[in-house]
file query-v5.tsv (TSV, C-alpha atoms and all ligand atoms)
chain	number	residue	atom	x	y	z
R	13	MET	CA	43.09	89.53	73.54
R	14	VAL	CA	43.11	93.15	72.43
R	15	TYR	CA	45.19	94.78	69.67
R	16	ARG	CA	46.89	98.18	69.76
R	17	ILE	CA	47.00	100.10	66.50
R	18	LEU	CA	48.75	103.42	65.83
R	19	VAL	CA	46.99	105.80	63.49
R	20	ALA	CA	48.90	108.35	61.36
R	21	SER	CA	46.97	111.43	60.32
R	22	TYR	CA	46.64	114.66	58.41
R	23	THR	CA	46.43	116.49	61.77
R	24	ASN	CA	49.32	117.10	64.19
R	25	GLU	CA	48.63	113.87	66.06
R	26	ILE	CA	49.34	110.16	66.14
R	27	TYR	CA	46.57	108.24	67.86
R	28	THR	CA	46.64	104.88	69.66
R	29	LEU	CA	43.53	102.73	69.29
R	30	VAL	CA	42.65	99.52	71.11
R	31	PHE	CA	40.65	97.00	69.10
R	32	ASP	CA	38.82	94.38	71.16
R	33	PRO	CA	37.45	91.70	68.79
R	34	ASP	CA	35.31	90.07	71.50
R	35	ALA	CA	33.60	93.32	72.43
R	36	THR	CA	33.80	94.47	68.77
R	37	SER	CA	35.01	97.83	70.03
R	38	LEU	CA	37.59	100.33	68.88
R	39	GLU	CA	38.69	102.87	71.50
R	40	LEU	CA	41.04	105.83	71.54
R	41	VAL	CA	43.45	105.30	74.45
R	42	SER	CA	46.25	107.75	73.75
R	43	THR	CA	47.19	110.71	71.52
R	44	ILE	CA	50.55	112.35	70.98
R	45	THR	CA	51.19	115.66	69.22
R	46	VAL	CA	54.20	115.39	66.91
R	47	GLY	CA	53.87	118.15	64.28
R	48	HIS	CA	52.32	118.81	60.87
R	49	HIS	CA	50.75	115.82	59.10
R	50	PRO	CA	52.49	112.71	60.45
R	51	SER	CA	50.98	110.65	57.63
R	52	TRP	CA	52.97	107.38	57.68
R	53	LEU	CA	54.36	105.05	60.38
R	54	THR	CA	57.23	102.56	60.23
R	55	PRO	CA	58.71	100.55	63.14
R	56	HIS	CA	62.44	100.10	63.74
R	57	PRO	CA	63.37	96.66	62.32
R	58	LYS	CA	64.67	95.24	65.62
R	59	ASP	CA	63.56	97.54	68.44
R	60	LYS	CA	59.80	97.38	67.98
R	61	SER	CA	59.22	99.98	70.70
R	62	ILE	CA	60.58	102.62	68.30
R	63	VAL	CA	58.38	104.00	65.52
R	64	TYR	CA	59.22	106.62	62.88
R	65	THR	CA	56.89	109.08	61.20
R	66	GLY	CA	57.41	111.71	58.50
R	67	LEU	CA	56.02	115.24	58.89
R	68	GLU	CA	54.58	116.25	55.53
R	69	GLN	CA	55.70	119.87	55.26
R	70	SER	CA	58.07	121.80	52.98
R	71	ASP	CA	60.96	121.37	55.43
R	72	GLY	CA	60.18	117.70	55.96
R	73	LYS	CA	61.09	116.05	59.25
R	74	ILE	CA	61.40	112.52	60.56
R	75	VAL	CA	60.28	112.04	64.16
R	76	ALA	CA	61.22	109.04	66.29
R	77	LEU	CA	58.83	107.90	69.02
R	78	LYS	CA	59.17	105.34	71.78
R	79	TYR	CA	56.02	103.39	72.71
R	80	ASP	CA	55.34	101.60	76.00
R	81	GLU	CA	53.32	98.39	76.45
R	82	GLU	CA	50.09	100.36	76.70
R	83	GLY	CA	50.69	102.17	73.42
R	84	ARG	CA	51.65	105.53	74.96
R	85	GLY	CA	54.25	107.34	72.85
R	86	THR	CA	57.06	109.78	73.68
R	87	VAL	CA	59.04	111.76	71.09
R	88	ILE	CA	62.73	110.83	71.45
R	89	GLY	CA	64.35	112.39	68.38
R	90	GLU	CA	63.93	114.34	65.17
R	91	ILE	CA	65.99	114.84	62.02
R	92	PRO	CA	65.40	116.66	58.71
R	93	SER	CA	64.00	114.46	55.93
R	94	GLU	CA	66.35	116.32	53.52
R	95	GLY	CA	63.37	117.13	51.32
R	96	ALA	CA	59.72	118.19	51.16
R	97	ASP	CA	56.66	116.19	52.23
R	98	PRO	CA	58.15	112.84	53.32
R	99	CYS	CA	55.06	110.69	52.79
R	100	ALA	CA	56.79	107.27	52.70
R	101	LEU	CA	59.26	105.50	54.98
R	102	LEU	CA	60.88	102.06	54.85
R	103	ALA	CA	63.03	100.61	57.63
R	104	LEU	CA	65.61	98.15	56.31
R	105	GLU	CA	67.90	96.26	58.70
R	106	ASP	CA	70.49	99.01	58.73
R	107	GLU	CA	68.90	102.09	57.19
R	108	LEU	CA	65.77	104.20	57.27
R	109	ILE	CA	64.73	105.11	53.72
R	110	ILE	CA	62.68	108.26	53.16
R	111	GLY	CA	60.62	109.11	50.07
R	112	ASN	CA	60.20	112.90	49.88
R	113	TYR	CA	57.06	113.33	47.75
R	114	SER	CA	57.25	116.99	46.67
R	115	SER	CA	61.00	117.30	46.17
R	116	GLY	CA	61.45	113.87	44.56
R	117	ARG	CA	64.35	113.01	46.82
R	118	PHE	CA	65.17	109.51	48.09
R	119	VAL	CA	67.18	109.65	51.32
R	120	ALA	CA	68.88	106.82	53.24
R	121	VAL	CA	69.71	107.38	56.92
R	122	PRO	CA	72.07	104.72	58.40
R	123	PHE	CA	70.87	103.36	61.74
R	124	SER	CA	73.18	104.01	64.68
R	125	ALA	CA	73.54	101.76	67.74
R	126	GLU	CA	71.39	103.60	70.31
R	127	PRO	CA	67.79	104.87	70.28
R	128	PRO	CA	66.49	106.78	68.40
R	129	TYR	CA	68.98	105.13	65.98
R	130	ILE	CA	68.78	107.97	63.41
R	131	LEU	CA	71.35	110.35	64.91
R	132	GLY	CA	75.05	110.34	64.26
R	133	HIS	CA	75.53	109.25	60.65
R	134	PRO	CA	75.21	111.49	57.57
R	135	PRO	CA	72.44	110.42	55.16
R	136	SER	CA	72.97	109.68	51.49
R	137	ASP	CA	70.51	110.70	48.83
R	138	LEU	CA	69.36	110.34	45.26
R	139	GLN	CA	67.53	113.12	43.38
R	140	PHE	CA	64.95	111.78	40.94
R	141	THR	CA	64.04	113.67	37.76
R	142	GLY	CA	61.04	113.29	35.46
R	143	THR	CA	57.55	114.57	34.74
R	144	GLY	CA	54.26	113.35	33.26
R	145	PRO	CA	51.46	114.82	31.13
R	146	ASN	CA	49.19	115.76	34.07
R	147	LYS	CA	50.23	119.40	34.57
R	148	ASP	CA	48.70	119.65	38.05
R	149	ARG	CA	50.10	116.46	39.56
R	150	GLN	CA	53.09	115.45	37.41
R	151	GLU	CA	55.19	118.61	37.18
R	152	ALA	CA	58.04	116.81	38.99
R	153	PRO	CA	58.92	113.34	40.31
R	154	HIS	CA	56.74	112.34	43.28
R	155	PRO	CA	57.86	109.15	45.07
R	156	HIS	CA	54.83	107.91	46.98
R	157	GLN	CA	56.08	104.65	48.47
R	158	VAL	CA	59.36	102.92	49.28
R	159	ILE	CA	59.01	99.13	49.49
R	160	ARG	CA	61.38	96.19	49.51
R	161	HIS	CA	60.85	93.24	47.18
R	162	PRO	CA	59.83	90.31	49.44
R	163	ALA	CA	62.44	87.93	48.01
R	164	ARG	CA	65.22	90.04	46.49
R	165	ASP	CA	67.63	92.81	47.49
R	166	GLU	CA	65.72	95.35	45.46
R	167	VAL	CA	63.84	98.44	46.66
R	168	LEU	CA	60.97	99.79	44.57
R	169	VAL	CA	59.78	103.39	44.48
R	170	PRO	CA	56.48	104.09	42.70
R	171	ASP	CA	56.88	107.64	41.32
R	172	LEU	CA	53.48	109.21	40.73
R	173	GLY	CA	55.00	112.23	38.97
R	174	SER	CA	57.02	110.32	36.38
R	175	ASP	CA	54.70	107.37	35.56
R	176	LYS	CA	57.28	104.80	36.60
R	177	THR	CA	58.24	102.57	39.49
R	178	ARG	CA	61.96	102.91	40.06
R	179	ARG	CA	63.99	99.77	40.78
R	180	LEU	CA	66.94	100.47	43.08
R	181	ILE	CA	69.76	98.35	44.41
R	182	ARG	CA	72.49	99.18	46.91
R	183	GLU	CA	75.99	98.85	45.54
R	184	ALA	CA	79.06	97.65	47.46
R	185	ASP	CA	79.95	101.23	48.49
R	186	GLY	CA	76.52	101.56	50.15
R	187	LYS	CA	75.09	103.94	47.53
R	188	TRP	CA	71.63	103.36	46.06
R	189	VAL	CA	71.50	103.19	42.26
R	190	GLU	CA	68.53	103.01	39.89
R	191	LYS	CA	68.96	99.87	37.77
R	192	GLY	CA	65.63	99.70	35.98
R	193	VAL	CA	62.04	100.90	35.89
R	194	VAL	CA	58.49	99.68	35.47
R	195	SER	CA	56.81	102.04	32.99
R	196	TYR	CA	53.08	102.83	32.93
R	197	LYS	CA	50.61	104.57	30.65
R	198	PRO	CA	51.41	108.34	30.56
R	199	GLY	CA	49.31	110.22	33.13
R	200	SER	CA	48.36	107.16	35.18
R	201	GLY	CA	50.36	108.08	38.32
R	202	PRO	CA	51.64	104.90	40.05
R	203	ARG	CA	51.18	105.30	43.81
R	204	HIS	CA	51.66	101.98	45.64
R	205	VAL	CA	52.65	98.44	44.64
R	206	ALA	CA	52.15	94.94	46.06
R	207	PHE	CA	53.63	91.55	45.19
R	208	TYR	CA	52.24	88.08	44.71
R	209	GLU	CA	54.40	85.25	43.32
R	210	ASP	CA	56.35	86.71	40.38
R	211	ILE	CA	53.79	89.43	39.61
R	212	LEU	CA	53.94	93.11	40.55
R	213	TYR	CA	50.55	94.83	41.09
R	214	THR	CA	50.38	98.63	40.96
R	215	VAL	CA	47.60	101.00	41.94
R	216	LEU	CA	47.52	103.86	39.45
R	217	GLU	CA	46.15	106.85	41.36
R	218	LEU	CA	45.42	109.33	38.58
R	219	THR	CA	43.45	106.92	36.37
R	220	SER	CA	42.09	104.73	39.23
R	221	GLU	CA	43.37	101.47	37.75
R	222	VAL	CA	45.32	98.40	38.85
R	223	SER	CA	47.98	96.87	36.64
R	224	ALA	CA	49.78	93.52	36.74
R	225	HIS	CA	53.33	93.06	35.44
R	226	ARG	CA	55.33	89.86	35.24
R	227	PHE	CA	58.36	90.91	37.28
R	228	PRO	CA	61.61	88.98	36.69
R	229	PRO	CA	64.84	89.86	38.54
R	230	LEU	CA	67.06	92.65	37.21
R	231	PRO	CA	68.30	93.28	34.59
R	232	ALA	CA	65.26	91.78	32.83
R	233	ASP	CA	62.39	94.16	32.10
R	234	PRO	CA	58.85	93.62	33.43
R	235	THR	CA	56.02	92.68	31.05
R	236	LEU	CA	52.57	94.25	31.31
R	237	LEU	CA	49.87	91.56	31.57
R	238	ASP	CA	46.66	93.40	32.42
R	239	THR	CA	45.15	96.70	33.61
R	240	VAL	CA	41.67	96.98	35.14
R	241	PRO	CA	39.62	99.86	36.64
R	242	THR	CA	39.38	100.10	40.43
R	243	MET	CA	35.56	100.44	40.23
R	244	ARG	CA	33.12	98.63	37.99
R	245	ASN	CA	30.77	101.62	37.80
R	246	PRO	CA	32.71	104.83	38.39
R	247	PRO	CA	30.64	107.93	39.19
R	248	PRO	CA	29.66	110.03	36.17
R	249	SER	CA	31.56	113.10	35.03
R	250	PRO	CA	32.62	115.47	36.57
R	251	ASP	CA	32.93	113.40	39.82
R	252	VAL	CA	34.95	110.67	38.13
R	253	ALA	CA	37.77	113.15	37.53
R	254	SER	CA	38.30	113.49	41.30
R	255	MET	CA	38.51	109.74	41.96
R	256	LEU	CA	42.01	108.87	43.19
R	257	ALA	CA	42.74	105.21	44.03
R	258	ALA	CA	45.15	104.97	46.95
R	259	GLU	CA	46.16	101.69	48.64
R	260	ILE	CA	46.81	98.16	47.38
R	261	LEU	CA	47.37	95.18	49.71
R	262	ILE	CA	47.79	91.44	49.13
R	263	PRO	CA	47.92	89.49	52.40
R	264	SER	CA	49.85	86.23	52.15
R	265	PRO	CA	47.59	83.16	51.86
R	266	ASN	CA	47.39	81.20	55.14
R	267	ALA	CA	45.40	78.45	56.84
R	268	SER	CA	42.35	80.66	57.44
R	269	TYR	CA	42.48	82.39	54.06
R	270	PRO	CA	44.17	80.00	51.60
R	271	THR	CA	43.12	81.88	48.46
R	272	PRO	CA	45.01	85.08	47.59
R	273	TYR	CA	43.07	88.31	47.00
R	274	ILE	CA	44.06	91.86	46.13
R	275	TYR	CA	42.42	94.71	48.08
R	276	VAL	CA	42.38	98.24	46.63
R	277	SER	CA	41.02	101.47	48.12
R	278	ASN	CA	39.30	104.20	46.13
R	279	ARG	CA	38.98	107.83	47.22
R	280	ASN	CA	36.46	110.65	46.72
R	281	ASP	CA	33.37	108.66	45.77
R	282	PRO	CA	30.36	111.00	46.00
R	283	SER	CA	28.10	108.14	47.16
R	284	PRO	CA	26.66	108.57	50.69
R	285	GLU	CA	27.78	104.97	51.27
R	286	GLY	CA	31.39	106.09	50.96
R	287	ASP	CA	34.44	104.84	49.13
R	288	ILE	CA	34.71	101.37	47.64
R	289	ILE	CA	37.27	98.75	48.62
R	290	ALA	CA	37.62	96.63	45.49
R	291	ILE	CA	38.63	92.96	45.77
R	292	TYR	CA	40.35	91.10	42.93
R	293	SER	CA	41.90	87.72	42.28
R	294	PRO	CA	45.50	87.74	41.05
R	295	VAL	CA	46.62	86.49	37.65
R	296	SER	CA	47.32	82.74	37.62
R	297	ALA	CA	49.08	80.03	35.66
R	298	SER	CA	45.97	79.69	33.49
R	299	SER	CA	45.05	83.37	33.08
R	300	ASP	CA	46.97	86.62	32.69
R	301	LYS	CA	43.87	88.57	33.72
R	302	ILE	CA	43.15	90.28	37.05
R	303	GLY	CA	39.76	88.93	38.18
R	304	HIS	CA	37.02	91.14	39.61
R	305	VAL	CA	35.70	89.53	42.83
R	306	ALA	CA	33.69	92.10	44.81
R	307	GLU	CA	33.25	95.73	45.80
R	308	VAL	CA	32.58	96.74	49.40
R	309	ARG	CA	31.15	100.14	50.34
R	310	SER	CA	33.18	101.28	53.33
R	311	GLY	CA	31.21	104.29	54.60
R	312	LEU	CA	34.56	106.14	54.61
R	313	LYS	CA	35.35	109.38	52.78
R	314	HIS	CA	38.75	109.61	51.08
R	315	LEU	CA	39.99	106.14	52.01
R	316	ARG	CA	43.74	106.82	51.92
R	317	GLY	CA	45.21	104.19	54.24
R	318	MET	CA	44.37	100.64	55.28
R	319	GLU	CA	46.36	97.77	56.83
R	320	PHE	CA	45.78	94.09	57.63
R	321	GLY	CA	46.39	92.75	61.14
R	322	GLY	CA	45.55	90.05	63.66
R	323	PRO	CA	45.93	86.27	63.29
R	324	ASP	CA	46.11	85.24	59.63
R	325	ALA	CA	45.45	88.89	58.66
R	326	LYS	CA	41.84	88.43	59.71
R	327	TRP	CA	41.08	92.13	60.07
R	328	LEU	CA	41.52	95.16	57.86
R	329	ILE	CA	41.68	98.60	59.50
R	330	ALA	CA	40.85	101.52	57.20
R	331	GLY	CA	40.35	105.26	57.59
R	332	GLY	CA	38.48	108.07	55.89
R	333	ALA	CA	40.84	111.05	55.78
R	334	GLN	CA	37.87	113.31	55.00
R	335	GLY	CA	35.15	111.59	57.03
R	336	GLY	CA	33.78	108.38	58.44
R	337	GLY	CA	36.55	107.88	61.00
R	338	VAL	CA	38.31	104.53	61.35
R	339	LYS	CA	36.73	101.11	60.83
R	340	VAL	CA	37.82	97.52	61.33
R	341	PHE	CA	36.50	95.00	58.81
R	342	GLU	CA	36.67	91.21	59.17
R	343	ARG	CA	37.54	89.18	56.09
R	344	VAL	CA	34.57	86.91	55.39
R	345	ASP	CA	33.75	84.27	52.77
R	346	GLY	CA	37.41	83.23	52.62
R	347	GLY	CA	38.49	86.82	51.94
R	348	LYS	CA	36.05	87.53	49.11
R	349	GLY	CA	34.15	89.91	51.34
R	350	LEU	CA	34.57	92.36	54.23
R	351	LYS	CA	32.21	92.85	57.17
R	352	GLU	CA	32.42	95.93	59.42
R	353	VAL	CA	32.98	94.89	63.04
R	354	ALA	CA	34.08	98.07	64.86
R	355	ALA	CA	34.32	101.81	64.23
R	356	ILE	CA	35.35	105.08	65.85
R	357	GLU	CA	35.18	108.73	64.83
R	358	LEU	CA	38.68	110.17	64.39
R	359	ALA	CA	39.97	113.23	62.51
R	360	ALA	CA	41.83	112.69	59.22
R	361	PRO	CA	43.34	109.18	59.58
R	362	THR	CA	45.91	108.44	56.84
R	363	GLY	CA	47.86	105.30	57.81
R	364	PHE	CA	48.07	102.49	60.35
R	365	LEU	CA	50.56	100.36	62.25
R	366	TRP	CA	49.41	97.25	64.18
R	367	LEU	CA	51.74	97.07	67.20
R	401	LIG	O1	50.54	117.74	47.15
R	401	LIG	C1	50.59	116.93	48.02
R	401	LIG	O2	50.05	115.69	47.84
R	401	LIG	C2	50.72	114.61	48.38
R	401	LIG	C3	49.90	113.36	48.17
R	401	LIG	O3	48.78	113.38	48.97
R	401	LIG	P1	48.00	112.03	49.25
R	401	LIG	O4	47.03	112.33	50.36
R	401	LIG	O5	47.33	111.68	47.96
R	401	LIG	O6	49.00	111.03	49.63
R	401	LIG	C4	51.03	114.84	49.81
R	401	LIG	O7	51.73	113.77	50.31
R	401	LIG	C5	51.84	116.13	49.94
R	401	LIG	O8	52.04	116.46	51.29
R	401	LIG	C6	51.14	117.27	49.33
R	401	LIG	O9	52.00	118.38	49.27
call {"tool": "encode", "arguments": {"input": "query-v5.tsv", "output": "C-alpha cells"}}
result
Amino acid sequence: MVYRILVASYTNEIYTLVFDPDATSLELVSTITVGHHPSWLTPHPKDKSIVYTGLEQSDGKIVALKYDEEGRGTVIGEIPSEGADPCALLALEDELIIGNYSSGRFVAVPFSAEPPYILGHPPSDLQFTGTGPNKDRQEAPHPHQVIRHPARDEVLVPDLGSDKTRRLIREADGKWVEKGVVSYKPGSGPRHVAFYEDILYTVLELTSEVSAHRFPPLPADPTLLDTVPTMRNPPPSPDVASMLAAEILIPSPNASYPTPYIYVSNRNDPSPEGDIIAIYSPVSASSDKIGHVAEVRSGLKHLRGMEFGGPDAKWLIAGGAQGGGVKVFERVDGGKGLKEVAAIELAAPTGFLWL
C-alpha cells in the first residue's frame, strides 16, 4: 500500500507526494500552482476530496481544491480570508475557521451545500487585540493556530502576539465569543497546542519551551504545572536567539504505540545535522513534570511543519522550510525514537496532509 500526502509550502505550490513504505521511497507525483505561500492544508469535514489552503499575503485568500484518487488537484474556488496572512485553518462540521496571523482576525465561513462549500454565506469575524513585550514579534495579536478541543465544544486559538491561548465558544446565535484564556510568561509567544487527557501542552515559539497546564472545562481557569526547554543543549549565543520552536504533536496511544509521547519541532539550529525533534513524556497521575525522553537530529533546516500518518500513526512526515527537503520517520522503540525511512528534496515545505 502507498500513501498520498499533500505538502503546503512557502512557494506558490502545493505538492503531492507518494510514500511507499515497502520501497522506502517518497516521490513527487503532482504539483499545483495556487498563489503566494499556501502554508497550511485542511480537508472539508465530509467531502474528503476537497481541501482548503490559506495564501499568506496581506490580502489573504482561501483557496479550495478538489483532489482525484491519484492526488491531482484542481482549484475550484477562492474567497478573501478577510485579513492578512491566514496561516491557520480549521474545518468544523458546518464552518471553516480562519486565523489571520498578521491582522489578528478570526473569521468563520459557514459551509454551503455544494462544492467548494465556501461560497454563498457571509462570514462572521472577531478582531483580537493585545500585544507582548517582544517589539519585533508581539506588536499586535498573532493567532497561529485554530484547534478544537477533542472532547468539548471549545475552540482554542494560540495567540503568539499576546502571550495567551484564547478559549472560544459559539453562542446560540452562531457568534463566536471569547470566554477565557490560558496565559503564559510575557514574551514566550504561544504558537501551537496539543491535548492529552486533561492537560493542555503548548509550544512557546519565542522562548523555545513547552508548557503543561491542567485544563478544566470553562469557566474554570487552567493551572500551570510545568515548563521545559525544547532542547537540552541549545546553541550558544547569538544563535540561541534565532531558535523558534514550531510544532507540537501527541498521537493517541494505540495497540502499536501504547505509551503516549509528545513530539516538538525546533527551528534554526546551526548544527549541520539540522533541527532537533524533541520527544517528551506527558505529566501523569504521579508526576506534574514533563519528562525528557530523547532528541532526534532531523537533518532538516527550519522544521516548521510535521504530521503523523499511516496505521497507528507509525510515520511522521516533516519538512525543512529552509533546507533538507521532506523526510518520513518511523516511530521506533515504542515511540521513544524516530528512524528516517524516506526523503525527497522539495522547496520550502511548511505543512502536510495525509490523504
Ligand atoms: O511575519 C510573518 O510571520 C508569520 C509566521 O511565520 P512562521 O513561518 O513562523 O509560521 C507568517 O505566517 C506571516 O506570513 C508573516 O507575515
call {"tool": "residues_around", "arguments": {"input": "query-v5.tsv", "residues": "range 112-120 of chain R", "least_positions_apart": "2", "cutoff": "10 Å", "atoms": "only C-alpha atoms", "output": "ChimeraX atom specification"}}
result
/R:66,68-70,72-73,93-104,106-110,122-123,134-142,151-158,169,171-174,186-188
call {"tool": "residues_around", "arguments": {"input": "query-v5.tsv", "residues": "range 285-288 of chain R", "least_positions_apart": "5", "cutoff": "8 Å", "atoms": "all atoms listed in the file", "output": "PyMOL selection string"}}
result
chain R and resi 243+277-280+307-315
call {"tool": "closest_residue", "arguments": {"input": "query-v5.tsv", "among": "R:Pro162, R:Pro241, R:Pro361, R:Pro294", "to": "ligand LIG 401 (chain R)", "atoms": "only C-alpha atoms and all ligand atoms"}}
result
R:Pro361
call {"tool": "residues_near_point", "arguments": {"input": "query-v5.tsv", "point": "(42.0, 89.6, 41.5)", "cutoff": "8 Å", "atoms": "only C-alpha atoms", "output": "list in words"}}
result
Tyr273, Ile274, Ile291, Tyr292, Ser293, Pro294, Val295, Ile302, Gly303, His304 and Val305 of chain R
call {"tool": "atom_distance", "arguments": {"input": "query-v5.tsv", "atom1": "CA of Ala258 in chain R", "atom2": "CA of Gly85 in chain R"}}
result
27.6 Å
call {"tool": "residues_near_point", "arguments": {"input": "query-v5.tsv", "point": "(49.5, 103.2, 44.1)", "cutoff": "6 Å", "atoms": "all atoms listed in the file", "output": "MDAnalysis selection string"}}
result
chainID R and resid 202:205 214:217 258:259
call {"tool": "write_last_selection", "arguments": {"input": "query-v5.tsv", "atoms": "C-alpha atoms", "output": "tab-separated table (two decimals), in the coordinates of the input"}}
result
chain	number	residue	atom	x	y	z
R	202	PRO	CA	51.64	104.90	40.05
R	203	ARG	CA	51.18	105.30	43.81
R	204	HIS	CA	51.66	101.98	45.64
R	205	VAL	CA	52.65	98.44	44.64
R	214	THR	CA	50.38	98.63	40.96
R	215	VAL	CA	47.60	101.00	41.94
R	216	LEU	CA	47.52	103.86	39.45
R	217	GLU	CA	46.15	106.85	41.36
R	258	ALA	CA	45.15	104.97	46.95
R	259	GLU	CA	46.16	101.69	48.64
call {"tool": "atom_distance", "arguments": {"input": "query-v5.tsv", "atom1": "CA of Gly83 in chain R", "atom2": "CA of Ser37 in chain R"}}
result
16.6 Å
call {"tool": "residues_around", "arguments": {"input": "query-v5.tsv", "residues": "range 175-184 of chain R", "least_positions_apart": "4", "cutoff": "6 Å", "atoms": "all atoms listed in the file", "output": "number ranges by chain"}}
result
R: 166-171, 188-196, 201-202
call {"tool": "residues_around", "arguments": {"input": "query-v5.tsv", "residues": "Ser268 in chain R", "least_positions_apart": "6", "cutoff": "9 Å", "atoms": "all atoms listed in the file", "output": "number ranges by chain"}}
result
R: 323-326, 346
call {"tool": "write_last_selection", "arguments": {"input": "query-v5.tsv", "atoms": "C-alpha atoms", "output": "PDB file, in the frame of the given file"}}
result
ATOM      1  CA  PRO R 323      45.930  86.270  63.290  1.00  0.00           C
ATOM      2  CA  ASP R 324      46.110  85.240  59.630  1.00  0.00           C
ATOM      3  CA  ALA R 325      45.450  88.890  58.660  1.00  0.00           C
ATOM      4  CA  LYS R 326      41.840  88.430  59.710  1.00  0.00           C
ATOM      5  CA  GLY R 346      37.410  83.230  52.620  1.00  0.00           C
TER       6      GLY R 346
END
call {"tool": "residues_around", "arguments": {"input": "query-v5.tsv", "residues": "Arg343 in chain R", "least_positions_apart": "5", "cutoff": "8 Å", "atoms": "all atoms listed in the file", "output": "PyMOL selection string"}}
result
chain R and resi 326-328+348-351
call {"tool": "closest_residue", "arguments": {"input": "query-v5.tsv", "among": "R:Asp300, R:Ala76, R:Ile260, R:Pro57", "to": "His225 in chain R", "atoms": "all atoms listed in the file"}}
result
R:Asp300
call {"tool": "atom_distance", "arguments": {"input": "query-v5.tsv", "atom1": "CA of Gly317 in chain R", "atom2": "CA of Glu105 in chain R"}}
result
24.4 Å
call {"tool": "closest_residue", "arguments": {"input": "query-v5.tsv", "among": "R:Ala20, R:Ala206, R:Leu131, R:Leu236", "to": "Trp366 in chain R", "atoms": "all atoms listed in the file"}}
result
R:Ala20
call {"tool": "closest_residue", "arguments": {"input": "query-v5.tsv", "among": "R:Val222, R:Leu67, R:Ile44, R:Ala253", "to": "ligand LIG 401 (chain R)", "atoms": "all atoms listed in the file"}}
result
R:Leu67
call {"tool": "decode", "arguments": {"input": "query-v5.tsv", "residues": "range 74-79 of chain R", "atoms": "all heavy atoms", "output": "compact mmCIF listing (two decimals), in the first residue's frame"}}
result
# COMPACT_ATOMS: atom_id res chain seq x y z
N ILE R 74 -8.41 32.36 0.73
CA ILE R 74 -8.62 30.94 0.98
C ILE R 74 -8.94 30.30 -0.37
O ILE R 74 -9.84 30.76 -1.08
CB ILE R 74 -9.79 30.72 1.96
CG1 ILE R 74 -9.55 31.48 3.26
CG2 ILE R 74 -10.01 29.23 2.21
CD1 ILE R 74 -8.26 31.17 3.99
N VAL R 75 -8.19 29.26 -0.71
CA VAL R 75 -8.38 28.58 -1.99
C VAL R 75 -8.91 27.18 -1.71
O VAL R 75 -8.42 26.48 -0.80
CB VAL R 75 -7.04 28.50 -2.76
CG1 VAL R 75 -7.20 27.72 -4.06
CG2 VAL R 75 -6.49 29.89 -3.03
N ALA R 76 -9.93 26.79 -2.48
CA ALA R 76 -10.48 25.43 -2.37
C ALA R 76 -9.97 24.61 -3.55
O ALA R 76 -9.99 25.07 -4.69
CB ALA R 76 -12.00 25.47 -2.39
N LEU R 77 -9.53 23.38 -3.25
CA LEU R 77 -9.04 22.48 -4.30
C LEU R 77 -9.81 21.17 -4.25
O LEU R 77 -10.22 20.74 -3.16
CB LEU R 77 -7.56 22.16 -4.11
CG LEU R 77 -6.63 23.37 -4.18
CD1 LEU R 77 -6.08 23.68 -2.82
CD2 LEU R 77 -5.51 23.10 -5.15
N LYS R 78 -9.99 20.57 -5.42
CA LYS R 78 -10.58 19.23 -5.47
C LYS R 78 -9.48 18.26 -5.91
O LYS R 78 -8.77 18.52 -6.89
CB LYS R 78 -11.75 19.18 -6.46
CG LYS R 78 -12.45 17.84 -6.46
CD LYS R 78 -13.76 17.90 -7.19
CE LYS R 78 -14.43 16.54 -7.22
NZ LYS R 78 -14.88 16.08 -5.90
N TYR R 79 -9.34 17.16 -5.16
CA TYR R 79 -8.31 16.16 -5.47
C TYR R 79 -8.93 14.88 -5.98
O TYR R 79 -9.96 14.44 -5.46
CB TYR R 79 -7.45 15.88 -4.23
CG TYR R 79 -6.36 16.92 -4.08
CD1 TYR R 79 -6.58 18.09 -3.38
CD2 TYR R 79 -5.13 16.76 -4.70
CE1 TYR R 79 -5.60 19.08 -3.28
CE2 TYR R 79 -4.14 17.73 -4.62
CZ TYR R 79 -4.38 18.88 -3.92
OH TYR R 79 -3.42 19.85 -3.84
